[in-house]
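Visitor: This structure is in structure tokens; I'll ask about it shortly.
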Amino acid sequence: VMDNRWPHTPQHFKDVANKFMEQAHGLACRILDLLEKDACPLNEPGTLSKSNTLWAPDGQCTLRMLHYPPMDAATAKELITPDENGKIHWRAGPHTDWDTVTLLFQRPGQEGLECCSNPHDSDKTNAARWTPVDPVDGGVAINIGDMLARWSDGRLYSNLHRVRMPTVEECSPPSSRYSIAFFAQSDKATVIRSKDSEPMTAGEYILSRVRSNFETTSD
């Protein structure tokens with residue numbers, strides 16, 4: 001996919017990015033192995049981790065480098081002030097990921113990520129309560145994705161998360177926000193089998209989620 005698309009600067013960017021992706025993939029597979037016994041008891045051990053391969057023709061794992069541009073304090077204040085409908089702006093609106101697990105690497109001092117319980121969770125104790133997930137030096141934030149939620153028959157829920165706008169104080173002076181996300185997505189040909197859902201390949205699942213973004217409803 002990246003053939004002839006790698007930037008020429010900074011030097012060694014391709015090698016460093018590929019190495020980082022390999023290490024993130026290894027960590028994601030380790031997490032999937034730890035979760036599998038309880039989340040997907042019908043699976044053969046190692047099914048989840050083996051379904052996520054790198055560099056394969058039908059591989060779907062993705063590394064995304066995110067840059068949230070700086071803004072001045074006046075713009076930030078305007079965007080976080082509710083409009084006539086009570087709505088405000090977000091750097092990234094509330095959503096769940098489509099994958100099995102996501103690893104999010106954040107820079108200390110660059111806050112903004114918030115998480116909330118999945119609305120389908122039967123435990124409503126933390127319903128609609130958004131919790132800051134501030135960067136920790138050397139730490140990695142882990143999100144459960146929709147693909148794993150389906151595979152686990154709801155034993156695990158994908159968690160809602162969002163990125164808020166910067167505060168006025170965080171824009172004085174204006175500064176960028178950076179993060180890196182690794183999405184562990186099972187290979188296209190992998191069949192997601194569970195007790196409560198029809199079998200579906202991981203490729204079909206991702207395509208169905210992409211299509212859902214463009215569906216329209218009529219009154």
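Labels for the structure tokens follow display order: chains A, B, ..., residues from 1 in each chain, ligands from 1.
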Once DSSP has gone over the backbone, tell me which residues of chain A are in alpha helix (DSSP H), as an NGL selection string.
Guide: :A and (13-39 or 47-51 or 73-79 or 146-151 or 202-212)
Visitor: Could you find all residues in chain A that DSSP calls strand (DSSP E) from the backbone, and write them as an mmCIF file with C-alpha atoms, in the first residue's frame?
Guide:
```cif
data_model
loop_
_atom_site.group_PDB
_atom_site.id
_atom_site.type_symbol
_atom_site.label_atom_id
_atom_site.label_comp_id
_atom_site.auth_asym_id
_atom_site.auth_seq_id
_atom_site.Cartn_x
_atom_site.Cartn_y
_atom_site.Cartn_z
ATOM 1 C CA THR A 62 -3.066 -0.008 10.414
ATOM 2 C CA LEU A 63 -0.712 2.516 11.973
ATOM 3 C CA ARG A 64 -2.081 6.050 12.010
ATOM 4 C CA MET A 65 -0.072 9.122 12.941
ATOM 5 C CA LEU A 66 -2.408 11.844 14.127
ATOM 6 C CA HIS A 67 -1.831 15.583 14.160
ATOM 7 C CA TYR A 68 -4.360 17.963 15.658
ATOM 8 C CA ALA A 92 -12.727 13.756 17.254
ATOM 9 C CA GLY A 93 -16.375 13.032 17.999
ATOM 10 C CA PRO A 94 -17.540 10.098 20.169
ATOM 11 C CA HIS A 95 -16.993 6.769 18.410
ATOM 12 C CA VAL A 101 -7.840 -3.755 19.900
ATOM 13 C CA THR A 102 -6.329 -0.308 19.454
ATOM 14 C CA LEU A 103 -3.086 0.865 21.029
ATOM 15 C CA LEU A 104 -2.896 4.624 21.460
ATOM 16 C CA PHE A 105 0.421 6.325 22.140
ATOM 17 C CA GLN A 106 0.117 9.871 23.501
ATOM 18 C CA LEU A 113 -8.671 11.894 25.118
ATOM 19 C CA GLU A 114 -11.804 10.854 27.035
ATOM 20 C CA CYS A 115 -13.538 7.459 27.366
ATOM 21 C CA CYS A 116 -17.039 6.362 28.317
ATOM 22 C CA THR A 131 -13.358 10.054 31.990
ATOM 23 C CA PRO A 132 -10.131 11.764 30.912
ATOM 24 C CA ALA A 141 -4.015 3.455 26.196
ATOM 25 C CA ILE A 142 -5.901 0.319 25.079
ATOM 26 C CA ASN A 143 -9.313 0.353 23.406
ATOM 27 C CA ILE A 144 -11.439 -2.730 22.785
ATOM 28 C CA LEU A 160 -16.678 4.943 23.369
ATOM 29 C CA HIS A 161 -13.971 7.569 23.179
ATOM 30 C CA ARG A 162 -13.520 11.093 21.880
ATOM 31 C CA VAL A 163 -10.978 13.901 21.765
ATOM 32 C CA ARG A 177 -1.442 17.706 19.660
ATOM 33 C CA TYR A 178 0.144 14.477 18.408
ATOM 34 C CA SER A 179 -0.686 10.815 18.942
ATOM 35 C CA ILE A 180 -0.103 7.477 17.208
ATOM 36 C CA ALA A 181 -2.753 4.763 16.955
ATOM 37 C CA PHE A 182 -2.169 1.127 16.013
ATOM 38 C CA PHE A 183 -5.319 -0.716 14.948
ATOM 39 C CA ALA A 184 -5.126 -4.514 15.157
ATOM 40 C CA VAL A 191 -13.794 -15.747 9.637
ATOM 41 C CA ILE A 192 -15.223 -14.220 12.797
ATOM 42 C CA MET A 200 -18.498 -13.127 8.684
ATOM 43 C CA THR A 201 -15.030 -12.510 7.343
#
```
Visitor: Would you mind listing what lies within 12 Å of stretch 14-19 of chain A as a ChimeraX atom specification, with only C-alpha atoms counted and same-chain residues fewer than 3 positions away left out?
Guide: /A:2-11,22-26,54-55,62-65,180,182
Visitor: Which of these, A:Glu215, A:Asp38, A:Glu170, A:Asp196, has the shortest distance to A:Ala73 once you count only C-alpha atoms?
Guide: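 Checking each of A:Glu215, A:Asp38, A:Glu170, A:Asp196 against A:Ala73, counting only C-alpha atoms, the winner is A:Glu170.
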